[in-house]
>>> print(open('upload.csv').read())   # CSV, C-alpha atoms
chain,number,residue,atom,x,y,z
E,713,MET,CA,4.1,4.5,-27.2
E,714,GLU,CA,4.1,6.3,-30.6
E,715,VAL,CA,4.1,10.1,-30.6
E,716,GLY,CA,1.5,11.9,-32.7
E,717,GLY,CA,0.2,8.7,-34.3
E,718,GLN,CA,-2.2,6.1,-33.1
E,719,GLY,CA,-1.1,5.5,-29.5
E,720,VAL,CA,-0.4,2.0,-28.3
E,721,VAL,CA,-2.8,1.0,-25.5
E,722,LYS,CA,-1.1,-0.9,-22.8
E,723,LYS,CA,-2.5,-2.7,-19.8
E,724,PHE,CA,-1.7,-0.9,-16.6
E,725,MET,CA,-2.5,-2.4,-13.2
E,726,TYR,CA,-2.2,-0.4,-10.0
E,727,VAL,CA,-1.7,-2.7,-7.0
E,728,ASN,CA,-2.8,-1.1,-3.6
E,729,ARG,CA,-1.9,-2.8,-0.4
E,730,LYS,CA,-1.8,0.0,2.2
E,731,ALA,CA,-4.5,1.3,4.4
E,732,PRO,CA,-5.8,4.8,3.4
E,733,HIS,CA,-4.6,7.3,6.0
E,734,GLY,CA,-1.6,6.0,7.9
E,735,THR,CA,0.7,6.5,5.0
E,736,ILE,CA,0.6,8.6,1.8
E,737,TYR,CA,0.6,5.6,-0.5
E,738,ALA,CA,-3.1,5.3,-1.0
E,739,LEU,CA,-3.6,8.9,-1.9
E,740,GLU,CA,-0.6,9.0,-4.2
E,741,SER,CA,-1.8,5.9,-6.0
E,742,LEU,CA,-5.2,7.5,-6.6
E,743,GLU,CA,-3.5,10.6,-7.9
E,744,VAL,CA,-1.4,8.6,-10.4
E,745,VAL,CA,-4.4,6.6,-11.5
E,746,LEU,CA,-6.3,9.8,-12.3
E,747,ILE,CA,-3.4,11.3,-14.1
E,748,GLY,CA,-2.8,8.1,-16.0
E,749,ALA,CA,-6.4,7.9,-17.0
E,750,ALA,CA,-5.9,10.9,-19.3
E,751,PHE,CA,-3.6,8.8,-21.5
E,752,GLU,CA,-6.5,6.4,-22.4
E,753,GLN,CA,-4.7,3.2,-21.4
E,754,ASP,CA,-6.3,0.0,-20.3
E,755,VAL,CA,-6.3,0.6,-16.5
E,756,SER,CA,-7.2,-1.8,-13.6
E,757,LEU,CA,-6.9,-1.4,-9.9
E,758,ALA,CA,-6.2,-4.3,-7.5
E,759,PHE,CA,-6.8,-4.0,-3.7
E,760,ILE,CA,-5.0,-6.6,-1.6
E,761,ASP,CA,-3.9,-6.8,2.0
E,762,ASP,CA,-4.7,-3.6,3.9
E,763,GLY,CA,-5.4,-2.0,0.5
E,764,VAL,CA,-9.0,-3.2,0.8
E,765,TYR,CA,-9.5,-0.7,3.6
E,766,GLN,CA,-9.2,2.2,1.1
E,767,LEU,CA,-12.6,1.2,-0.3
E,768,VAL,CA,-14.5,1.2,3.0
E,769,LYS,CA,-17.7,3.4,3.2
E,770,GLY,CA,-18.2,5.9,6.0
E,771,GLN,CA,-14.7,7.4,6.2
E,772,ASP,CA,-15.0,10.7,8.1
E,773,THR,CA,-11.7,12.5,8.3
E,774,GLN,CA,-13.1,15.7,9.8
E,775,ALA,CA,-11.7,15.2,13.3
E,776,LEU,CA,-8.4,13.9,12.0
E,777,GLY,CA,-8.0,17.0,9.8
E,778,VAL,CA,-6.8,15.3,6.6
E,779,LYS,CA,-8.3,15.1,3.2
E,780,ASN,CA,-11.0,12.4,2.8
E,781,PHE,CA,-10.1,11.2,-0.7
E,782,SER,CA,-12.4,8.1,-0.5
E,783,PRO,CA,-15.3,9.6,-2.4
E,784,THR,CA,-12.9,10.0,-5.4
E,785,PHE,CA,-13.2,6.2,-6.0
E,786,ARG,CA,-16.7,6.9,-7.1
E,787,ALA,CA,-15.4,9.2,-9.8
E,788,LEU,CA,-13.2,6.6,-11.4
E,789,GLU,CA,-15.9,5.4,-13.7
E,790,ASP,CA,-16.1,8.9,-15.2
E,791,TYR,CA,-12.5,8.3,-16.3
E,792,ASP,CA,-13.4,4.8,-17.8
E,793,VAL,CA,-11.6,3.1,-14.9
E,794,ASN,CA,-14.0,0.3,-14.3
E,795,LYS,CA,-11.9,-2.7,-13.5
E,796,LEU,CA,-11.5,-2.8,-9.7
E,797,TYR,CA,-10.5,-6.1,-8.1
E,798,ALA,CA,-10.3,-7.0,-4.4
E,799,THR,CA,-9.1,-10.3,-3.1
E,800,ARG,CA,-11.5,-12.5,-1.1
E,801,GLU,CA,-8.7,-13.5,1.3
E,802,ALA,CA,-7.9,-9.9,2.2
E,803,MET,CA,-11.6,-9.1,2.8
E,804,GLU,CA,-12.3,-12.1,4.9
E,805,ALA,CA,-9.3,-11.6,7.1
E,806,ARG,CA,-10.6,-8.1,7.9
E,807,GLY,CA,-14.3,-9.0,8.3
E,808,LEU,CA,-15.3,-7.1,5.2
E,809,THR,CA,-17.8,-7.8,2.5
E,810,ALA,CA,-18.4,-6.1,-0.9
E,811,ASP,CA,-21.4,-4.3,0.8
E,812,ASP,CA,-18.9,-2.4,2.9
E,813,PHE,CA,-17.3,-0.8,-0.1
E,814,LEU,CA,-17.9,2.6,-1.7
E,815,VAL,CA,-17.9,1.2,-5.2
E,816,PRO,CA,-18.6,-2.1,-6.9
E,817,VAL,CA,-15.6,-4.3,-7.2
E,818,GLN,CA,-14.9,-7.8,-8.6
E,819,VAL,CA,-14.1,-10.0,-5.7
E,820,VAL,CA,-11.5,-12.5,-6.8
E,821,SER,CA,-9.3,-15.1,-5.2
E,822,GLU,CA,-5.5,-14.5,-4.9
E,823,GLY,CA,-5.0,-17.1,-7.6
E,824,GLU,CA,-7.4,-15.4,-9.9
E,825,LEU,CA,-5.7,-12.1,-9.4
E,826,ALA,CA,-2.4,-13.7,-10.1
E,827,GLU,CA,-3.7,-14.7,-13.5
E,828,ILE,CA,-5.0,-11.2,-14.2
E,829,MET,CA,-1.6,-9.7,-13.1
E,830,GLU,CA,0.1,-12.0,-15.5
E,831,THR,CA,-1.7,-10.4,-18.4
E,832,GLN,CA,-0.5,-6.8,-17.6
E,833,ASP,CA,2.1,-4.8,-19.5
E,834,VAL,CA,2.9,-2.5,-16.6
E,835,ILE,CA,2.3,-3.0,-12.8
E,836,LEU,CA,2.6,-0.1,-10.4
E,837,SER,CA,2.8,-1.0,-6.7
E,838,PHE,CA,1.6,1.2,-3.9
F,813,MET,CA,2.4,1.9,31.5
F,814,LEU,CA,0.6,3.2,28.5
F,815,HIS,CA,1.4,1.5,25.2
F,816,THR,CA,0.6,3.1,21.9
F,817,ILE,CA,0.2,1.1,18.7
F,818,ASN,CA,0.1,2.9,15.3
F,819,LYS,CA,0.5,0.0,12.9
F,820,SER,CA,-2.1,-2.3,11.3
F,821,PRO,CA,-2.1,-5.7,12.9
F,822,PHE,CA,-2.0,-7.3,9.4
F,823,GLY,CA,1.5,-7.5,8.2
F,824,HIS,CA,3.0,-5.9,11.3
F,825,THR,CA,3.9,-7.8,14.5
F,826,THR,CA,3.7,-4.6,16.6
F,827,LEU,CA,0.5,-5.3,18.4
F,828,GLU,CA,1.2,-8.9,18.9
F,829,VAL,CA,4.6,-8.1,20.5
F,830,CYS,CA,3.2,-5.3,22.6
F,831,LEU,CA,0.5,-7.6,24.1
F,832,LYS,CA,3.2,-10.1,25.1
F,833,HIS,CA,5.1,-7.3,26.9
F,834,ALA,CA,2.1,-5.5,28.5
F,835,LYS,CA,1.8,-6.2,32.2
F,836,ARG,CA,-1.6,-6.8,33.8
F,837,GLY,CA,-3.3,-3.5,34.5
F,838,SER,CA,-1.6,-1.5,31.8
F,839,ALA,CA,-3.3,0.4,29.0
F,840,VAL,CA,-3.0,-0.1,25.2
F,841,LEU,CA,-4.1,2.8,23.0
F,842,LEU,CA,-4.6,2.1,19.3
F,843,ILE,CA,-3.9,5.0,17.0
F,844,GLU,CA,-3.5,5.6,13.3
F,845,ASP,CA,-3.6,2.2,11.4
F,846,GLY,CA,-3.5,0.5,14.8
F,847,VAL,CA,-7.2,1.1,15.2
F,848,TYR,CA,-8.0,-1.7,12.7
F,849,ALA,CA,-7.1,-4.2,15.4
F,850,ALA,CA,-10.2,-3.0,17.3
F,851,THR,CA,-12.7,-4.2,14.7
F,852,ARG,CA,-15.0,-7.2,15.0
F,853,GLY,CA,-14.8,-10.4,13.0
F,854,THR,CA,-11.2,-10.2,11.7
F,855,ALA,CA,-8.4,-12.8,11.7
F,856,VAL,CA,-6.9,-11.0,14.7
F,857,SER,CA,-9.9,-10.1,16.7
F,858,GLN,CA,-9.1,-12.9,19.2
F,859,TRP,CA,-5.9,-11.2,20.2
F,860,LEU,CA,-7.7,-8.3,21.9
F,861,GLN,CA,-10.5,-10.6,23.1
F,862,ASP,CA,-7.9,-12.5,25.0
F,863,ALA,CA,-6.2,-9.3,26.2
F,864,PHE,CA,-9.4,-7.6,27.6
F,865,ALA,CA,-9.1,-9.5,30.9
F,866,ARG,CA,-5.6,-8.2,31.5
F,867,VAL,CA,-5.3,-4.7,30.0
F,868,SER,CA,-7.5,-1.8,29.1
F,869,ILE,CA,-7.8,-1.2,25.3
F,870,TYR,CA,-8.5,2.3,24.0
F,871,ALA,CA,-8.8,3.5,20.4
F,872,LEU,CA,-8.4,7.1,19.2
F,873,LYS,CA,-11.8,8.2,17.8
F,874,PRO,CA,-10.6,10.6,15.1
F,875,ASP,CA,-8.5,7.7,13.6
F,876,VAL,CA,-11.4,5.3,13.9
F,877,GLU,CA,-13.7,7.7,12.1
F,878,ALA,CA,-11.2,8.6,9.4
F,879,ARG,CA,-11.0,4.9,8.5
F,880,GLY,CA,-14.8,4.3,8.6
F,881,MET,CA,-14.4,1.8,11.4
F,882,GLN,CA,-16.8,3.5,13.9
F,883,ASP,CA,-19.6,0.9,13.5
F,884,ARG,CA,-17.3,-2.1,13.5
F,885,LEU,CA,-15.6,-1.8,16.9
F,886,MET,CA,-15.6,-4.8,19.3
F,887,ASP,CA,-17.4,-4.4,22.6
F,888,GLY,CA,-14.9,-3.6,25.3
F,889,ILE,CA,-12.9,-1.0,23.2
F,890,LYS,CA,-12.9,2.4,24.9
F,891,LEU,CA,-13.0,5.4,22.5
F,892,VAL,CA,-11.0,8.5,23.4
F,893,ASP,CA,-10.6,11.8,21.7
F,894,TYR,CA,-7.4,13.9,21.7
F,895,GLY,CA,-8.1,15.2,25.2
F,896,GLY,CA,-8.6,11.6,26.4
F,897,PHE,CA,-5.2,10.7,24.8
F,898,VAL,CA,-3.6,13.4,26.9
F,899,ASP,CA,-5.4,12.2,30.0
F,900,LEU,CA,-4.1,8.7,29.5
F,901,VAL,CA,-0.5,10.0,29.1
F,902,VAL,CA,-0.9,12.0,32.4
F,903,GLU,CA,-2.5,9.0,34.3
F,904,HIS,CA,0.3,6.6,33.4
F,905,SER,CA,3.9,6.6,34.7
F,906,ALA,CA,5.4,6.2,31.3
F,907,VAL,CA,4.4,5.8,27.6
F,908,GLN,CA,5.8,3.2,25.4
F,909,SER,CA,5.3,4.1,21.7
F,910,TRP,CA,5.6,0.9,19.8
F,911,LEU,CA,6.7,1.5,16.2
>>> encode(input="upload.csv", output="C-alpha cells")
Amino acid sequence: MEVGGQGVVKKFMYVNRKAPHGTIYALESLEVVLIGAAFEQDVSLAFIDDGVYQLVKGQDTQALGVKNFSPTFRALEDYDVNKLYATREAMEARGLTADDFLVPVQVVSEGELAEIMETQDVILSF
Amino acid sequence: MLHTINKSPFGHTTLEVCLKHAKRGSAVLLIEDGVYAATRGTAVSQWLQDAFARVSIYALKPDVEARGMQDRLMDGIKLVDYGGFVDLVVEHSAVQSWL
C-alpha cells in the first residue's frame, strides 16, 4: 500500500467459522472488520461451519452476562461492508435459513465460495 | 452421573463420545456451545432423539438465550438456569465435564 498517495485497494476476506459466544474469535473478527473498514479496502465476510450461528436473530446475552455484539452486524453497511456470504451447506446442517439471520446475506455453495476466495488478496481466518 | 458438554456437536466429537459412554438413567447437561445440539432440524438432531429414551437431556437457559436458540429447541430438552445446574450437580454422585 502506498503512503500519502492514492492507496491501493486490496480485496480482504474475513472467514468466520466459530459460534459467537463460546470463544472470543467471533467478537475479535468483528472488531478487526470494523477497524479495517476505516482503510477503505474491498471487504467481504464469509460465514461457514459454526460461523453461521453468529448471524442468528434473537441473541439475548443478558442472563449470560457477556456483551451481545450481534446487533453490530447491522451496522456493517454503514462502513460499506456489504458483501456477506454464508454457505448453504453450513446453514442446512444447522437447520437455518436466511430468514433466521439479522442481516441479508448471499447464500452460496461451498464451491461458489471457493471461487470467491480464490479472487482475494488477503484472507483472515477466525 | 451428570455429564456436561460445552462444545458444538459440529466439528467436535465430544457429544457423540459422551452419549456412547453415558449409562441409562444418567443426565447430560448442554452448556456453552454444547446447546446447539439441542436444536431442531439439524444434521445431528437424531443423536439426542435416540438418547432421550436412555438419558435425561438438559440445556442451560442463559447459554441457549445468548445464542438465540430459545425458539429452536427440540421437545424433550429440559431447560435449567444456574440454580438448576447446581441442583443437578448435587443430585448426582459425580460430574463428568467432557472437554
>>> closest_atom_pairs(input="upload.csv", of="segment 854-874 of chain F", to="segment 772-790 of chain E", cutoff="12 Å", atoms="all atoms listed in the file", output="tab-separated table")
residue	atom	partner	partner_atom	distance
F:Leu872	CA	E:Leu776	CA	9.9
F:Lys873	CA	E:Ala775	CA	8.3
F:Pro874	CA	E:Leu776	CA	5.0
>>> write_last_selection(input="upload.csv", atoms="C-alpha atoms", output="PDB file, keeping the file's coordinate frame")
ATOM      1  CA  LEU F 872      -8.400   7.100  19.200  1.00  0.00           C
ATOM      2  CA  LYS F 873     -11.800   8.200  17.800  1.00  0.00           C
ATOM      3  CA  PRO F 874     -10.600  10.600  15.100  1.00  0.00           C
TER       4      PRO F 874
END
>>> closest_atom_pairs(input="upload.csv", of="chain E", to="chain F", cutoff="12 Å", atoms="all atoms listed in the file", output="CSV")
residue,atom,partner,partner_atom,distance
E:Arg729,CA,F:Gly823,CA,10.4
E:Lys730,CA,F:Ser820,CA,9.4
E:Ala731,CA,F:Asp845,CA,7.1
E:Pro732,CA,F:Arg879,CA,7.3
E:His733,CA,F:Arg879,CA,7.3
E:Gly734,CA,F:Asp845,CA,5.5
E:Thr735,CA,F:Asp845,CA,8.8
E:Ile760,CA,F:Phe822,CA,11.4
E:Asp761,CA,F:Phe822,CA,7.7
E:Asp762,CA,F:Phe822,CA,7.2
E:Gly763,CA,F:Phe822,CA,10.9
E:Val764,CA,F:Arg879,CA,11.4
E:Tyr765,CA,F:Arg879,CA,7.6
E:Gln766,CA,F:Arg879,CA,8.1
E:Leu767,CA,F:Gly880,CA,9.7
E:Val768,CA,F:Gly880,CA,6.4
E:Lys769,CA,F:Gly880,CA,6.2
E:Gly770,CA,F:Gly880,CA,4.6
E:Gln771,CA,F:Gly880,CA,3.9
E:Asp772,CA,F:Ala878,CA,4.5
E:Thr773,CA,F:Ala878,CA,4.1
E:Gln774,CA,F:Ala878,CA,7.4
E:Ala775,CA,F:Pro874,CA,5.1
E:Leu776,CA,F:Pro874,CA,5.0
E:Gly777,CA,F:Pro874,CA,8.7
E:Val778,CA,F:Ala878,CA,8.5
E:Lys779,CA,F:Ala878,CA,9.4
E:Asn780,CA,F:Ala878,CA,7.6
E:Phe781,CA,F:Ala878,CA,10.5
E:Ser782,CA,F:Arg879,CA,9.7
E:Glu801,CA,F:Ala855,CA,10.4
E:Ala802,CA,F:Phe822,CA,9.7
E:Met803,CA,F:Thr854,CA,9.0
E:Glu804,CA,F:Thr854,CA,7.1
E:Ala805,CA,F:Ala855,CA,4.8
E:Arg806,CA,F:Thr854,CA,4.4
E:Gly807,CA,F:Thr854,CA,4.8
E:Leu808,CA,F:Thr854,CA,8.3
E:Thr809,CA,F:Gly853,CA,11.2
E:Asp812,CA,F:Gly880,CA,9.7
E:Phe813,CA,F:Gly880,CA,10.4
E:Leu814,CA,F:Gly880,CA,10.9
>>> atom_distance(input="upload.csv", atom1="atom CA of Trp859 of chain F", atom2="atom CA of His824 of chain F")
13.7 Å
>>> residues_around(input="upload.csv", residues="Met725 of chain E", least_positions_apart="2", cutoff="6 Å", atoms="all atoms listed in the file", output="mmCIF file with C-alpha atoms, keeping the file's coordinate frame")
data_model
loop_
_atom_site.group_PDB
_atom_site.id
_atom_site.type_symbol
_atom_site.label_atom_id
_atom_site.label_comp_id
_atom_site.auth_asym_id
_atom_site.auth_seq_id
_atom_site.Cartn_x
_atom_site.Cartn_y
_atom_site.Cartn_z
ATOM 1 C CA VAL E 755 -6.300 0.600 -16.500
ATOM 2 C CA SER E 756 -7.200 -1.800 -13.600
ATOM 3 C CA LEU E 757 -6.900 -1.400 -9.900
ATOM 4 C CA ILE E 835 2.300 -3.000 -12.800
#
>>> residues_around(input="upload.csv", residues="Leu860 of chain F", least_positions_apart="6", cutoff="12 Å", atoms="all atoms listed in the file", output="ChimeraX atom specification")
/F:821,827-828,830-832,840-842,847-854,866-871,885-889
>>> atom_distance(input="upload.csv", atom1="atom CA of Leu746 of chain E", atom2="atom CA of Tyr797 of chain E")
17.0 Å
>>> residues_around(input="upload.csv", residues="segment 907-911 of chain F", least_positions_apart="6", cutoff="6 Å", atoms="all atoms listed in the file", output="list in words")
Met813, Leu814, His815, Thr816 and Ile817 of chain F
>>> atom_distance(input="upload.csv", atom1="atom CA of Gly895 of chain F", atom2="atom CA of Ile736 of chain E")
25.8 Å
>>> closest_residue(input="upload.csv", among="E:Val819, E:Val744, E:Val727, E:Val721", to="Ser837 of chain E", atoms="all atoms listed in the file")
E:Val727
>>> decode(input="upload.csv", residues="segment 864-899 of chain F", atoms="N, CA and C atoms", output="compact mmCIF listing (two decimals), in the first residue's frame")
# COMPACT_ATOMS: atom_id res chain seq x y z
N PHE F 864 -32.92 -39.77 24.13
CA PHE F 864 -33.96 -39.39 25.09
C PHE F 864 -34.49 -40.58 25.90
N ALA F 865 -34.54 -41.75 25.26
CA ALA F 865 -35.11 -42.91 25.94
C ALA F 865 -34.20 -43.42 27.07
N ARG F 866 -32.93 -43.08 26.99
CA ARG F 866 -31.97 -43.62 27.95
C ARG F 866 -31.51 -42.61 29.00
N VAL F 867 -31.34 -41.36 28.55
CA VAL F 867 -30.77 -40.35 29.46
C VAL F 867 -31.62 -39.09 29.45
N SER F 868 -31.52 -38.31 30.52
CA SER F 868 -32.21 -37.02 30.59
C SER F 868 -31.28 -35.96 29.99
N ILE F 869 -31.85 -35.11 29.12
CA ILE F 869 -31.03 -34.09 28.46
C ILE F 869 -31.48 -32.71 28.95
N TYR F 870 -30.56 -31.96 29.48
CA TYR F 870 -30.82 -30.60 29.96
C TYR F 870 -30.00 -29.61 29.13
N ALA F 871 -30.47 -28.35 29.08
CA ALA F 871 -29.69 -27.29 28.44
C ALA F 871 -29.74 -26.07 29.34
N LEU F 872 -28.62 -25.37 29.43
CA LEU F 872 -28.52 -24.20 30.30
C LEU F 872 -29.14 -22.99 29.60
N LYS F 873 -30.21 -22.47 30.23
CA LYS F 873 -31.01 -21.43 29.59
C LYS F 873 -30.22 -20.17 29.21
N PRO F 874 -29.38 -19.64 30.09
CA PRO F 874 -28.62 -18.44 29.69
C PRO F 874 -27.77 -18.66 28.44
N ASP F 875 -27.22 -19.86 28.27
CA ASP F 875 -26.42 -20.16 27.08
C ASP F 875 -27.29 -20.33 25.84
N VAL F 876 -28.50 -20.88 26.04
CA VAL F 876 -29.45 -21.02 24.93
C VAL F 876 -29.88 -19.64 24.44
N GLU F 877 -30.23 -18.77 25.37
CA GLU F 877 -30.72 -17.44 25.01
C GLU F 877 -29.62 -16.59 24.37
N ALA F 878 -28.41 -16.70 24.89
CA ALA F 878 -27.30 -15.90 24.35
C ALA F 878 -27.08 -16.22 22.88
N ARG F 879 -27.38 -17.46 22.50
CA ARG F 879 -27.15 -17.90 21.12
C ARG F 879 -28.41 -17.81 20.26
N GLY F 880 -29.50 -17.27 20.82
CA GLY F 880 -30.71 -17.10 20.02
C GLY F 880 -31.41 -18.40 19.69
N MET F 881 -31.19 -19.43 20.49
CA MET F 881 -31.73 -20.77 20.18
C MET F 881 -33.00 -21.09 20.97
N GLN F 882 -33.55 -20.09 21.71
CA GLN F 882 -34.65 -20.36 22.64
C GLN F 882 -35.91 -20.88 21.93
N ASP F 883 -36.13 -20.50 20.67
CA ASP F 883 -37.34 -20.96 19.95
C ASP F 883 -37.05 -22.15 19.04
N ARG F 884 -35.88 -22.71 19.14
CA ARG F 884 -35.49 -23.77 18.20
C ARG F 884 -35.24 -25.10 18.90
N LEU F 885 -35.54 -25.19 20.19
CA LEU F 885 -35.20 -26.39 20.95
C LEU F 885 -36.11 -27.56 20.62
N MET F 886 -35.54 -28.76 20.63
CA MET F 886 -36.34 -29.97 20.44
C MET F 886 -37.22 -30.21 21.66
N ASP F 887 -38.39 -30.83 21.41
CA ASP F 887 -39.21 -31.28 22.53
C ASP F 887 -38.41 -32.33 23.29
N GLY F 888 -38.50 -32.31 24.60
CA GLY F 888 -37.77 -33.29 25.39
C GLY F 888 -36.54 -32.72 26.06
N ILE F 889 -36.11 -31.53 25.61
CA ILE F 889 -34.98 -30.85 26.25
C ILE F 889 -35.50 -30.12 27.49
N LYS F 890 -34.86 -30.33 28.62
CA LYS F 890 -35.27 -29.64 29.84
C LYS F 890 -34.35 -28.45 30.06
N LEU F 891 -34.93 -27.26 30.20
CA LEU F 891 -34.13 -26.07 30.41
C LEU F 891 -33.87 -25.86 31.89
N VAL F 892 -32.65 -25.50 32.25
CA VAL F 892 -32.34 -25.15 33.64
C VAL F 892 -31.59 -23.83 33.68
N ASP F 893 -31.75 -23.11 34.79
CA ASP F 893 -30.97 -21.89 35.00
C ASP F 893 -29.75 -22.26 35.85
N TYR F 894 -29.01 -21.26 36.31
CA TYR F 894 -27.79 -21.57 37.06
C TYR F 894 -28.10 -22.34 38.35
N GLY F 895 -29.23 -21.98 38.99
CA GLY F 895 -29.64 -22.71 40.20
C GLY F 895 -29.93 -24.17 39.89
N GLY F 896 -30.56 -24.40 38.73
CA GLY F 896 -30.86 -25.77 38.31
C GLY F 896 -29.60 -26.56 38.01
N PHE F 897 -28.59 -25.89 37.50
CA PHE F 897 -27.28 -26.51 37.26
C PHE F 897 -26.72 -27.02 38.59
N VAL F 898 -26.77 -26.16 39.59
CA VAL F 898 -26.26 -26.55 40.92
C VAL F 898 -27.05 -27.74 41.47
N ASP F 899 -28.39 -27.68 41.30
CA ASP F 899 -29.23 -28.80 41.78
C ASP F 899 -28.81 -30.11 41.11
